[in-house]
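**Student:** Below is the file start31.cif, which contains mmCIF, C-alpha atoms and all ligand atoms.
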```cif
data_start
#
loop_
_atom_site.label_atom_id
_atom_site.label_comp_id
_atom_site.auth_asym_id
_atom_site.auth_seq_id
_atom_site.Cartn_x
_atom_site.Cartn_y
_atom_site.Cartn_z
CA MET V 585 102.88 106.00 102.67
CA THR V 586 99.34 107.26 102.97
CA ILE V 587 96.77 104.64 103.83
CA THR V 588 93.50 104.87 101.91
CA ARG V 589 90.04 103.51 102.62
CA PRO V 590 90.35 101.03 99.71
CA ASP V 591 93.54 99.71 101.37
CA CYS V 592 91.50 99.05 104.50
CA GLU V 593 88.72 97.39 102.52
CA GLN V 594 91.33 95.11 100.95
CA ARG V 595 92.62 94.17 104.38
CA ASP V 596 89.06 93.27 105.38
CA ARG V 597 88.74 91.00 102.34
CA ASP V 598 92.02 89.30 103.28
CA ASP V 599 91.13 89.03 106.98
CA PRO V 600 90.92 85.39 108.15
CA LEU V 601 88.65 86.49 111.03
CA GLY V 602 86.36 88.55 108.81
CA ALA V 603 83.61 85.91 108.75
CA LEU V 604 83.25 85.95 112.55
CA ARG V 605 81.47 89.30 112.52
CA GLN V 606 78.34 87.50 111.30
CA HIS V 607 78.07 85.86 114.74
CA PHE V 608 77.22 89.25 116.27
CA ASP V 609 74.14 91.44 116.11
CA LEU V 610 75.49 94.95 115.67
CA PRO V 611 73.28 97.97 115.01
CA GLU V 612 73.45 99.59 111.58
CA GLY V 613 75.53 102.73 111.35
CA VAL V 614 77.51 102.12 114.53
CA ILE V 615 81.26 101.64 114.76
CA TYR V 616 81.61 99.92 118.10
CA LEU V 617 84.95 100.58 119.78
CA ASP V 618 83.83 99.86 123.33
CA GLY V 619 83.93 96.07 123.45
CA ASN V 620 86.53 96.46 126.19
CA SER V 621 83.79 97.84 128.43
CA LEU V 622 80.69 95.96 127.28
CA GLY V 623 81.11 93.35 124.56
CA ALA V 624 78.66 93.24 121.63
CA LEU V 625 75.64 90.93 121.44
CA PRO V 626 76.34 87.44 120.05
CA ARG V 627 73.68 86.42 117.53
CA GLN V 628 72.91 83.28 119.57
CA SER V 629 72.27 85.07 122.86
CA ALA V 630 68.65 86.11 122.33
CA ALA V 631 67.60 82.58 121.33
CA ARG V 632 69.53 81.10 124.23
CA ALA V 633 67.89 83.51 126.70
CA GLN V 634 64.50 82.58 125.26
CA GLN V 635 65.32 78.89 125.70
CA VAL V 636 66.46 79.30 129.30
CA ILE V 637 63.40 81.33 130.18
CA THR V 638 60.60 79.49 128.40
CA GLN V 639 61.89 75.90 128.29
CA GLU V 640 64.33 75.46 131.14
CA TRP V 641 62.58 77.74 133.62
CA GLY V 642 59.01 77.74 132.26
CA ASN V 643 58.69 74.02 131.54
CA GLY V 644 61.54 72.47 133.44
CA LEU V 645 60.96 74.51 136.58
CA ILE V 646 63.06 73.29 139.49
CA ARG V 647 64.01 70.11 137.60
CA SER V 648 66.34 72.23 135.46
CA TRP V 649 68.93 72.48 138.23
CA ASN V 650 69.73 68.88 137.27
CA ASP V 651 68.15 68.32 133.85
CA ALA V 652 69.38 71.50 132.18
CA GLY V 653 72.73 71.35 133.97
CA TRP V 654 72.23 74.62 135.84
CA PHE V 655 74.02 73.48 138.98
CA ALA V 656 77.10 72.37 137.04
CA LEU V 657 77.19 75.43 134.78
CA PRO V 658 79.83 77.48 136.69
CA ARG V 659 82.32 74.60 136.25
CA ARG V 660 81.32 73.74 132.70
CA LEU V 661 81.77 77.34 131.57
CA GLY V 662 85.01 77.51 133.54
CA ASP V 663 86.34 74.57 131.51
CA GLN V 664 85.27 76.26 128.29
CA LEU V 665 86.96 79.53 129.26
CA ALA V 666 90.15 77.92 130.64
CA PRO V 667 92.09 77.62 127.34
CA LEU V 668 91.73 81.36 126.70
CA ILE V 669 93.73 82.12 129.86
CA GLY V 670 96.22 79.27 129.85
CA ALA V 671 94.38 77.28 132.50
CA GLY V 672 93.54 73.59 132.54
CA ALA V 673 90.32 71.67 133.02
CA ASN V 674 88.94 71.79 136.56
CA GLU V 675 90.79 74.96 137.41
CA VAL V 676 88.28 77.74 136.64
CA VAL V 677 84.71 78.55 137.69
CA VAL V 678 82.45 81.22 136.22
CA THR V 679 80.56 82.82 139.09
CA ASP V 680 79.77 86.00 141.01
CA THR V 681 81.33 89.36 140.12
CA THR V 682 84.94 90.29 139.53
CA SER V 683 84.82 92.40 142.69
CA SER V 684 83.54 89.56 144.89
CA ASN V 685 85.91 87.04 143.30
CA LEU V 686 88.77 89.40 144.04
CA PHE V 687 87.68 89.47 147.68
CA LYS V 688 87.82 85.66 147.71
CA VAL V 689 91.28 85.28 146.19
CA LEU V 690 92.78 88.15 148.19
CA ALA V 691 91.43 86.61 151.39
CA ALA V 692 92.76 83.21 150.30
CA ALA V 693 96.19 84.67 149.57
CA LEU V 694 96.37 86.46 152.93
CA HIS V 695 95.17 83.34 154.69
CA HIS V 696 97.86 81.30 152.94
CA GLN V 697 100.55 83.75 154.05
CA LYS V 698 99.21 83.76 157.59
CA GLN V 699 99.96 80.03 157.75
CA HIS V 700 103.44 80.29 156.23
CA ALA V 701 104.77 83.81 156.78
CA PRO V 702 102.55 85.61 159.30
CA GLN V 703 104.64 88.80 159.26
CA ARG V 704 103.61 89.38 155.63
CA LYS V 705 100.55 91.67 155.79
CA ILE V 706 101.00 94.11 152.93
CA ILE V 707 99.02 94.06 149.69
CA VAL V 708 100.95 95.75 146.87
CA SER V 709 99.01 97.23 143.99
CA GLU V 710 99.04 100.18 141.62
CA ARG V 711 97.44 103.55 142.18
CA SER V 712 96.29 103.41 138.56
CA ASN V 713 94.56 100.06 139.05
CA PHE V 714 90.84 99.81 138.36
CA PRO V 715 89.21 101.37 141.45
CA THR V 716 87.20 98.33 142.54
CA ASP V 717 90.44 96.36 142.93
CA LEU V 718 91.80 98.98 145.31
CA TYR V 719 88.49 99.40 147.14
CA ILE V 720 88.11 95.65 147.73
CA ALA V 721 91.68 95.46 149.01
CA GLN V 722 91.05 98.43 151.33
CA GLY V 723 87.85 96.84 152.61
CA LEU V 724 89.53 93.53 153.35
CA ALA V 725 92.54 95.19 155.01
CA ASN V 726 90.16 97.22 157.21
CA LEU V 727 88.17 94.12 158.11
CA LEU V 728 91.29 92.16 159.09
CA ASP V 729 92.86 95.17 160.81
CA ASP V 730 95.90 93.84 162.74
CA GLY V 731 98.47 95.54 160.47
CA TYR V 732 97.01 94.57 157.10
CA ALA V 733 97.40 97.45 154.67
CA LEU V 734 97.86 98.47 151.05
CA ARG V 735 101.07 99.76 149.47
CA LEU V 736 100.50 101.47 146.14
CA ILE V 737 103.09 101.99 143.45
CA ASP V 738 102.86 104.75 140.83
CA ALA V 739 104.69 102.99 138.00
CA PRO V 740 105.55 99.36 137.16
CA GLU V 741 109.26 100.15 137.67
CA GLU V 742 108.54 100.73 141.36
CA LEU V 743 107.42 97.14 141.89
CA PRO V 744 110.80 95.60 142.85
CA ALA V 745 111.41 98.20 145.57
CA ALA V 746 107.86 97.78 146.92
CA LEU V 747 108.28 94.00 147.31
CA ARG V 748 109.84 94.07 150.76
CA ASP V 749 109.74 91.19 153.25
CA ASP V 750 106.41 92.39 154.67
CA VAL V 751 104.52 91.85 151.39
CA ALA V 752 101.94 89.07 151.33
CA VAL V 753 100.53 89.52 147.87
CA ALA V 754 100.81 91.67 144.76
CA LEU V 755 97.55 92.42 143.00
CA LEU V 756 98.13 93.58 139.43
CA THR V 757 95.84 94.14 136.48
CA HIS V 758 97.45 92.58 133.43
CA VAL V 759 96.19 95.21 130.96
CA ASN V 760 95.55 98.64 132.45
CA TYR V 761 91.96 99.74 131.88
CA ARG V 762 92.88 103.35 131.23
CA THR V 763 96.11 103.23 129.24
CA GLY V 764 95.96 99.78 127.67
CA ALA V 765 99.51 99.10 128.92
CA MET V 766 100.24 95.39 129.44
CA TYR V 767 102.53 93.69 131.94
CA ASP V 768 104.84 90.80 131.15
CA MET V 769 102.95 88.35 133.32
CA ALA V 770 105.65 85.66 133.50
CA ALA V 771 108.44 88.10 134.39
CA GLN V 772 106.42 89.99 137.02
CA THR V 773 105.10 86.78 138.56
CA SER V 774 108.67 85.49 138.97
CA LEU V 775 109.72 88.77 140.53
CA ILE V 776 106.80 88.74 142.98
CA GLN V 777 107.32 85.12 143.99
CA ALA V 778 111.09 85.51 144.32
CA ALA V 779 110.30 88.20 146.89
CA GLY V 780 108.19 85.71 148.85
CA ALA V 781 104.81 87.15 147.83
CA LEU V 782 101.87 85.66 145.94
CA ALA V 783 100.69 86.98 142.56
CA ILE V 784 97.05 87.79 141.78
CA TRP V 785 96.26 88.85 138.21
CA ASP V 786 93.13 90.71 137.20
CA LEU V 787 92.44 89.64 133.61
CA SER V 788 89.38 91.82 132.99
CA HIS V 789 90.99 93.52 129.97
CA SER V 790 93.00 90.47 128.91
CA ALA V 791 90.81 87.39 128.50
CA GLY V 792 89.69 87.20 124.89
CA ALA V 793 91.82 90.24 124.03
CA VAL V 794 95.40 89.01 124.37
CA PRO V 795 96.96 85.57 124.84
CA VAL V 796 97.29 84.71 128.53
CA ASP V 797 99.20 81.77 130.00
CA LEU V 798 98.49 81.56 133.73
CA ASN V 799 100.01 78.11 134.22
CA GLY V 800 102.99 78.99 132.04
CA ALA V 801 103.60 82.07 134.19
CA GLY V 802 103.10 80.05 137.39
CA ALA V 803 100.70 82.69 138.71
CA ASP V 804 98.88 82.07 142.00
CA TYR V 805 95.35 83.40 141.42
CA ALA V 806 93.40 85.19 138.69
CA ILE V 807 90.00 86.78 138.28
CA GLY V 808 88.24 88.69 135.52
CA CYS V 809 85.07 89.75 133.70
CA THR V 810 83.11 87.92 131.03
CA TYR V 811 81.11 90.96 129.87
CA LYS V 812 84.03 92.78 128.21
CA TYR V 813 86.01 91.05 125.44
CA LEU V 814 84.27 87.72 126.13
CA ASN V 815 80.84 89.13 125.13
CA GLY V 816 78.91 87.43 127.94
CA GLY V 817 76.33 90.23 128.31
CA PRO V 818 75.82 93.14 130.72
CA GLY V 819 76.73 92.08 134.26
CA ALA V 820 77.42 88.47 133.22
CA PRO V 821 79.15 86.48 135.98
CA ALA V 822 82.92 86.68 136.29
CA TYR V 823 85.53 83.94 136.75
CA VAL V 824 88.12 82.73 139.25
CA TRP V 825 91.24 80.70 138.58
CA VAL V 826 93.41 79.26 141.32
CA ASN V 827 96.71 77.55 140.63
CA PRO V 828 96.15 73.81 141.26
CA ARG V 829 98.95 73.87 143.84
CA HIS V 830 96.73 76.07 146.07
CA GLN V 831 93.44 74.34 145.39
CA ALA V 832 93.36 71.99 148.36
CA THR V 833 94.22 74.74 150.85
CA PHE V 834 92.15 77.53 149.26
CA TRP V 835 90.15 79.14 152.02
CA GLN V 836 87.81 82.06 151.54
CA PRO V 837 85.39 83.79 153.91
CA LEU V 838 82.43 83.87 151.48
CA SER V 839 81.76 80.32 152.57
CA GLY V 840 78.31 79.93 151.10
CA TRP V 841 76.49 76.68 150.49
CA TRP V 842 77.47 76.33 146.82
CA GLY V 843 81.06 75.92 147.99
CA HIS V 844 80.15 73.18 150.45
CA ARG V 845 81.27 69.59 149.96
CA GLN V 846 77.65 68.37 150.18
CA PRO V 847 75.37 71.35 149.58
CA PHE V 848 72.22 69.26 149.73
CA ALA V 849 73.15 67.44 152.92
CA MET V 850 72.09 70.73 154.57
CA LEU V 851 74.63 70.29 157.32
CA PRO V 852 75.07 73.00 159.95
CA ASP V 853 78.87 73.17 159.55
CA TYR V 854 80.80 74.42 156.54
CA GLN V 855 83.11 71.94 154.88
CA PRO V 856 84.62 73.20 151.63
CA ASP V 857 84.23 71.19 148.44
CA GLU V 858 87.33 69.12 147.74
CA GLY V 859 87.73 70.63 144.27
CA ILE V 860 87.13 73.94 142.58
CA GLY V 861 83.57 74.04 143.89
CA ARG V 862 85.06 75.73 146.95
CA TYR V 863 85.49 78.95 144.93
CA LEU V 864 81.69 79.23 144.68
CA CYS V 865 79.43 81.00 147.12
CA GLY V 866 75.68 80.93 146.36
CA THR V 867 72.97 80.58 143.74
CA GLN V 868 73.88 82.06 140.38
CA PRO V 869 71.81 84.18 137.94
CA MET V 870 71.12 81.40 135.43
CA VAL V 871 69.75 83.48 132.58
CA SER V 872 72.83 85.66 132.60
CA LEU V 873 75.24 82.78 133.26
CA ALA V 874 73.86 80.76 130.36
CA LEU V 875 74.63 83.60 127.93
CA VAL V 876 78.34 83.46 128.79
CA GLN V 877 78.45 80.34 126.66
CA CYS V 878 77.26 82.21 123.56
CA GLY V 879 80.24 84.53 123.79
CA LEU V 880 82.71 81.72 124.48
CA ASP V 881 81.37 79.60 121.59
CA ILE V 882 82.58 82.22 119.11
CA PHE V 883 86.13 81.95 120.46
CA GLY V 884 85.92 78.24 119.67
CA LYS V 885 85.91 79.13 115.96
CA THR V 886 89.40 80.70 116.08
CA ASP V 887 92.38 80.97 118.43
CA MET V 888 94.11 83.65 120.46
CA ARG V 889 97.11 83.81 118.09
CA ALA V 890 94.90 84.88 115.20
CA ILE V 891 92.98 87.26 117.46
CA ARG V 892 96.20 88.82 118.74
CA ALA V 893 97.61 89.27 115.23
CA LYS V 894 94.49 91.15 114.11
CA SER V 895 94.28 93.11 117.35
CA LEU V 896 97.80 94.46 116.84
CA ALA V 897 97.06 95.23 113.19
CA LEU V 898 93.90 97.16 114.17
CA THR V 899 95.55 99.11 116.98
CA ASP V 900 98.63 99.87 114.84
CA LEU V 901 96.36 101.14 112.07
CA PHE V 902 94.35 103.31 114.46
CA ILE V 903 97.48 104.87 115.97
CA GLU V 904 98.97 105.52 112.55
CA LEU V 905 95.80 107.07 111.11
CA VAL V 906 95.15 109.30 114.14
CA GLU V 907 98.73 110.53 114.06
CA GLN V 908 98.45 111.19 110.30
CA HIS V 909 95.03 112.82 110.21
CA CYS V 910 94.84 114.54 113.58
CA ALA V 911 98.39 115.87 113.85
CA ASP V 912 97.14 119.48 113.99
CA PHE V 913 95.28 118.85 117.25
CA PRO V 914 96.47 118.21 120.81
CA VAL V 915 95.89 114.45 120.84
CA THR V 916 98.61 112.48 122.61
CA LEU V 917 99.04 108.73 122.52
CA VAL V 918 98.87 107.23 126.01
CA THR V 919 99.06 103.54 125.05
CA PRO V 920 102.52 101.98 124.60
CA ARG V 921 103.70 101.64 121.01
CA ALA V 922 105.65 98.45 121.76
CA HIS V 923 103.53 95.45 120.84
CA ASP V 924 104.55 93.40 123.84
CA MET V 925 103.38 96.19 126.15
CA ARG V 926 100.01 96.84 124.50
CA GLY V 927 96.62 95.28 125.16
CA SER V 928 93.75 95.53 122.66
CA GLN V 929 92.80 99.16 123.24
CA VAL V 930 94.24 102.53 122.29
CA SER V 931 93.91 105.61 124.46
CA PHE V 932 94.56 109.17 123.38
CA GLU V 933 94.59 112.13 125.69
CA HIS V 934 93.01 115.47 124.75
CA PRO V 935 92.10 118.27 127.19
CA GLN V 936 88.51 118.10 125.89
CA GLY V 937 88.44 114.30 125.71
CA PHE V 938 85.04 113.97 127.35
CA ALA V 939 83.20 116.27 124.91
CA ILE V 940 85.00 114.78 121.90
CA VAL V 941 83.92 111.27 122.88
CA GLN V 942 80.30 112.45 123.22
CA ALA V 943 80.51 114.05 119.77
CA LEU V 944 81.92 110.80 118.36
CA ILE V 945 79.09 108.80 119.94
CA ALA V 946 76.55 111.19 118.38
CA ARG V 947 78.13 110.31 115.01
CA GLY V 948 77.90 106.57 115.69
CA VAL V 949 81.51 105.99 116.77
CA ILE V 950 81.22 104.51 120.24
CA GLY V 951 84.33 104.73 122.39
CA ASP V 952 84.40 105.94 125.96
CA TYR V 953 86.04 108.40 128.30
CA ARG V 954 88.06 107.86 131.45
CA GLU V 955 89.40 110.52 133.76
CA PRO V 956 91.64 112.42 133.30
CA GLY V 957 91.21 113.47 129.66
CA ILE V 958 91.47 109.98 128.20
CA MET V 959 89.57 108.90 125.09
CA ARG V 960 89.52 105.13 125.08
CA PHE V 961 88.97 102.93 122.04
CA GLY V 962 88.74 99.16 122.33
CA PHE V 963 89.45 96.92 119.33
CA THR V 964 87.71 93.58 119.24
CA PRO V 965 89.08 91.49 116.36
CA LEU V 966 85.99 89.27 116.28
CA TYR V 967 83.83 92.04 114.83
CA THR V 968 85.87 95.20 114.16
CA ARG V 969 86.82 95.81 110.51
CA PHE V 970 89.82 97.71 109.17
CA ALA V 971 87.41 99.99 107.28
CA ASP V 972 85.72 100.77 110.63
CA VAL V 973 89.05 102.04 111.90
CA TRP V 974 89.45 104.26 108.85
CA ASP V 975 85.92 105.66 109.19
CA ALA V 976 86.30 106.25 112.94
CA VAL V 977 89.46 108.30 112.39
CA ALA V 978 87.85 110.27 109.53
CA ILE V 979 84.96 111.20 111.84
CA LEU V 980 87.33 112.05 114.69
CA ARG V 981 89.27 114.35 112.39
CA GLU V 982 86.11 116.08 111.24
CA ILE V 983 84.93 116.64 114.83
CA LEU V 984 88.31 118.10 115.77
CA ALA V 985 88.58 120.25 112.64
CA THR V 986 85.07 121.74 112.86
CA GLY V 987 85.13 122.04 116.66
CA SER V 988 81.67 120.45 116.70
CA TRP V 989 82.53 118.80 120.02
CA ASP V 990 82.09 122.18 121.71
CA ARG V 991 78.29 122.08 121.68
CA PRO V 992 76.69 122.29 125.16
CA GLU V 993 75.10 118.84 124.93
CA PHE V 994 78.53 117.23 124.56
CA HIS V 995 79.68 118.67 127.89
CA ARG V 996 76.84 117.18 129.94
CA ARG V 997 77.75 114.09 131.97
CA GLY V 998 75.54 111.06 132.58
CA ALA V 999 75.94 108.71 135.55
CA VAL V 1000 78.11 106.37 133.44
CA THR V 1001 80.88 107.87 131.29
C1 LIG T 1101 85.84 96.00 134.55
C2 LIG T 1101 86.77 95.69 135.67
C3 LIG T 1101 86.30 95.24 136.90
C4 LIG T 1101 84.81 95.16 137.12
O1 LIG T 1101 84.42 94.58 138.32
P1 LIG T 1101 82.87 94.26 138.55
O2 LIG T 1101 82.83 93.58 139.84
O3 LIG T 1101 82.41 93.43 137.39
O4 LIG T 1101 82.12 95.56 138.53
C5 LIG T 1101 87.23 94.92 137.88
N1 LIG T 1101 88.55 95.04 137.67
C6 LIG T 1101 89.03 95.49 136.48
C7 LIG T 1101 90.51 95.62 136.28
C8 LIG T 1101 88.17 95.85 135.46
O5 LIG T 1101 88.64 96.29 134.31
#
```
Show me, as structure tokens, the structure contained in the file I just sent.
Ligand SMILES: *Cc1c(COP(=O)(O)O)cnc(C)c1O
**Tutor:**
Amino acid sequence: MTITRPDCEQRDRDDPLGALRQHFDLPEGVIYLDGNSLGALPRQSAARAQQVITQEWGNGLIRSWNDAGWFALPRRLGDQLAPLIGAGANEVVVTDTTSSNLFKVLAAALHHQKQHAPQRKIIVSERSNFPTDLYIAQGLANLLDDGYALRLIDAPEELPAALRDDVAVALLTHVNYRTGAMYDMAAQTSLIQAAGALAIWDLSHSAGAVPVDLNGAGADYAIGCTYKYLNGGPGAPAYVWVNPRHQATFWQPLSGWWGHRQPFAMLPDYQPDEGIGRYLCGTQPMVSLALVQCGLDIFGKTDMRAIRAKSLALTDLFIELVEQHCADFPVTLVTPRAHDMRGSQVSFEHPQGFAIVQALIARGVIGDYREPGIMRFGFTPLYTRFADVWDAVAILREILATGSWDRPEFHRRGAVT
């Protein structure tokens, strides 16, 4: 049956999450399908930034570390984020970048294995993982030297064979940034642990996009971004979760003073905080950190079940419409069709994917491009409407049918794609 725009408008009227769009400031005439890369601006963020700058910083000055709760903010935000990833209170901190948090948990995992199974020195990951994950692992392996190395698999099916008795840790990204393919976290965690290794999950494309249950899966460590689906703002600090069973022995080399048991005792020797404070390193960017709350507050108005249901409806609709309206063109679905293997994005491959995405952006449909040939569209149920999906596909079809993507300006590449 052919889907019409009025059908999509009806679905928007029936959408239980429809009212949440009003909590975002979105520009007129833009269909934003890149919330998987940089989330949209929550309506509260500008006022909150103003408050942090003029009141807390301007008036409060240094008193705000106590009075405005700045010092405690990484833990407070961690508690607010925890339910979205199946973590408990006092298990998560919001701090630093995903890359630096990954360095911490990888180092902690290798340190743990060194105590219990010193022959385990291999980090297993995927060649298709987000590059920073692989680069951080390479950097740490080089630093440690002494036989530490990476073993990369080319497909999830290769994981069991890669988990030999030399493997210390498997570092997997739950939802692949390029394809949108999602792992079964509980099943893979069991497999990894049964092989004697520890499981680190990168949740950058999962938190706020799909339900995650870290404690249910019994995972060991997790890290992820707040500036993607969580709408924390450009470069907003990331988060770290450590399974409570590892908390007391968690050791990481970025042993800065914020992780110290008594930071203001100014002692010459490092003693890690007894609790989750030990995942911290140094002073945080408070203006940026404070805005993470504005994104998280919106999640408090709904739940991940409702978000997941709409996410699947949006991605199903997009796939169906593209396959209906763009069947004459060489666009190939890269994202799994199976719901339990799909995150909240849809990727299509086209040999001219880069130019087509630039042409879409020029028409107000913002997706993005990832090598090789992949057009990536993120669906954020908090603010994306079913009618947006219809309009985006109509514009895509027009660009393909007229060949308007082939203008010289759409082939020029900026520093960020
Ligand atoms: C976006 C993303 C990152 C980003 O790391 P930064 O340190 O914030 O630049 C890391 N890993 C994955 C899987 C990502 O998708």
**Student:** Which stretch 819-923 of chain V residues have any atom within 9 Å of an atom of stretch 959-966 of chain V, and for each, what is the nearest pair of atoms with distance in Å to one decimal, counting all atoms listed in the file, rows sorted by chain and number, as a Markdown table?
**Tutor:**
```
| residue | atom | partner | partner_atom | distance |
| --- | --- | --- | --- | --- |
| V:Ile882 | CA | V:Leu966 | CA | 8.3 |
| V:Phe883 | CA | V:Leu966 | CA | 8.4 |
| V:Ala890 | CA | V:Pro965 | CA | 8.9 |
| V:Ile891 | CA | V:Pro965 | CA | 5.9 |
| V:Arg892 | CA | V:Pro965 | CA | 8.0 |
| V:Ala893 | CA | V:Pro965 | CA | 8.9 |
| V:Lys894 | CA | V:Pro965 | CA | 5.9 |
| V:Ser895 | CA | V:Pro965 | CA | 5.5 |
| V:Leu898 | CA | V:Phe963 | CA | 6.8 |
| V:Thr899 | CA | V:Phe963 | CA | 6.9 |
```
**Student:** Limited to C-alpha atoms, could you put the picked residues into a file as a short mmCIF file (atom, residue, chain, number, x, y, z; two decimals), in the frame of the given file?
**Tutor:**
```cif
data_model
loop_
_atom_site.label_atom_id
_atom_site.label_comp_id
_atom_site.auth_asym_id
_atom_site.auth_seq_id
_atom_site.Cartn_x
_atom_site.Cartn_y
_atom_site.Cartn_z
CA ILE V 882 82.58 82.22 119.11
CA PHE V 883 86.13 81.95 120.46
CA ALA V 890 94.90 84.88 115.20
CA ILE V 891 92.98 87.26 117.46
CA ARG V 892 96.20 88.82 118.74
CA ALA V 893 97.61 89.27 115.23
CA LYS V 894 94.49 91.15 114.11
CA SER V 895 94.28 93.11 117.35
CA LEU V 898 93.90 97.16 114.17
CA THR V 899 95.55 99.11 116.98
#
```
**Student:** Can you measure atom CA of V:Ile737 to atom CA of V:Glu710 for me? One decimal in Å is fine.
**Tutor:** 4.8 Å
**Student:** Pick out the residues no farther than 9 Å from ligand LIG 1101 (chain T), counting all atoms listed in the file, and list them as a PyMOL selection string.
**Tutor:** chain V and resi 620-622+680-686+713-717+756-762+786-789+807-812+819-822
**Student:** Skipping near chain neighbours, those fewer than 3 positions away, what residues fall within 10 Å of V:Glu933 using only C-alpha atoms, listed as an MDAnalysis selection string?
**Tutor:** chainID V and resid 763 914:919 936:938 953:960
**Student:** Excluding V:Lys698 and any residue of its chain fewer than 3 positions from it, enumerate the residues within 12 Å of it, using only C-alpha atoms, and give them as a list in words.
**Tutor:** Ala691, Ala692, Ala693, Leu694, His695, Ala701, Pro702, Gln703, Arg704, Lys705, Ile706, Leu728, Asp730, Tyr732, Asp750, Val751, Ala752, Val753, Ala781 and Trp835 of chain V
**Student:** Would you mind reading off the distance between atom CA of V:Arg660 and atom CA of V:Val677, one decimal, in Å?
**Tutor:**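 Spanning atom CA of V:Arg660 to atom CA of V:Val677 is a straight-line distance of 7.7 Å.
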**Student:** Using only C-alpha atoms and a cutoff of 10 Å, can you tell me which residues are near (90.8, 86.6, 128.2) in the file's coordinates, and write them out as a list in words?
**Tutor:** Leu665, Ala666, Pro667, Leu668, Ile669, Gly670, Leu787, Ser788, His789, Ser790, Ala791, Gly792, Ala793, Val794, Pro795, Val796, Asp797, Gly808, Cys809, Thr810, Lys812, Tyr813, Leu814 and Met888 of chain V
**Student:** Around (68.0, 81.1, 139.9) in the file's frame, which residues reach within 10 Å when counting all atoms listed in the file? Return as a PyMOL selection string?
**Tutor:** chain V and resi 641+646+649+654-655+867-873
**Student:** Please report the interatomic distance between atom CA of V:Val678 and atom CA of V:Gly662 in Å with one decimal.
**Tutor:**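 That distance, rounded to one decimal, is 5.2 Å.
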**Student:** V:Asp618, V:Asp881, V:Glu675, V:Asp924: which is nearest V:Leu798, counting only C-alpha atoms?
**Tutor:** V:Glu675
**Student:** Would you pick out the contacts of V:Leu625 at 7 Å or less, using only C-alpha atoms, so that residues sharing its chain but fewer than 4 positions from it are not included, and give the list as a PyMOL selection string?
**Tutor:** chain V and resi 608-609+629+815+817
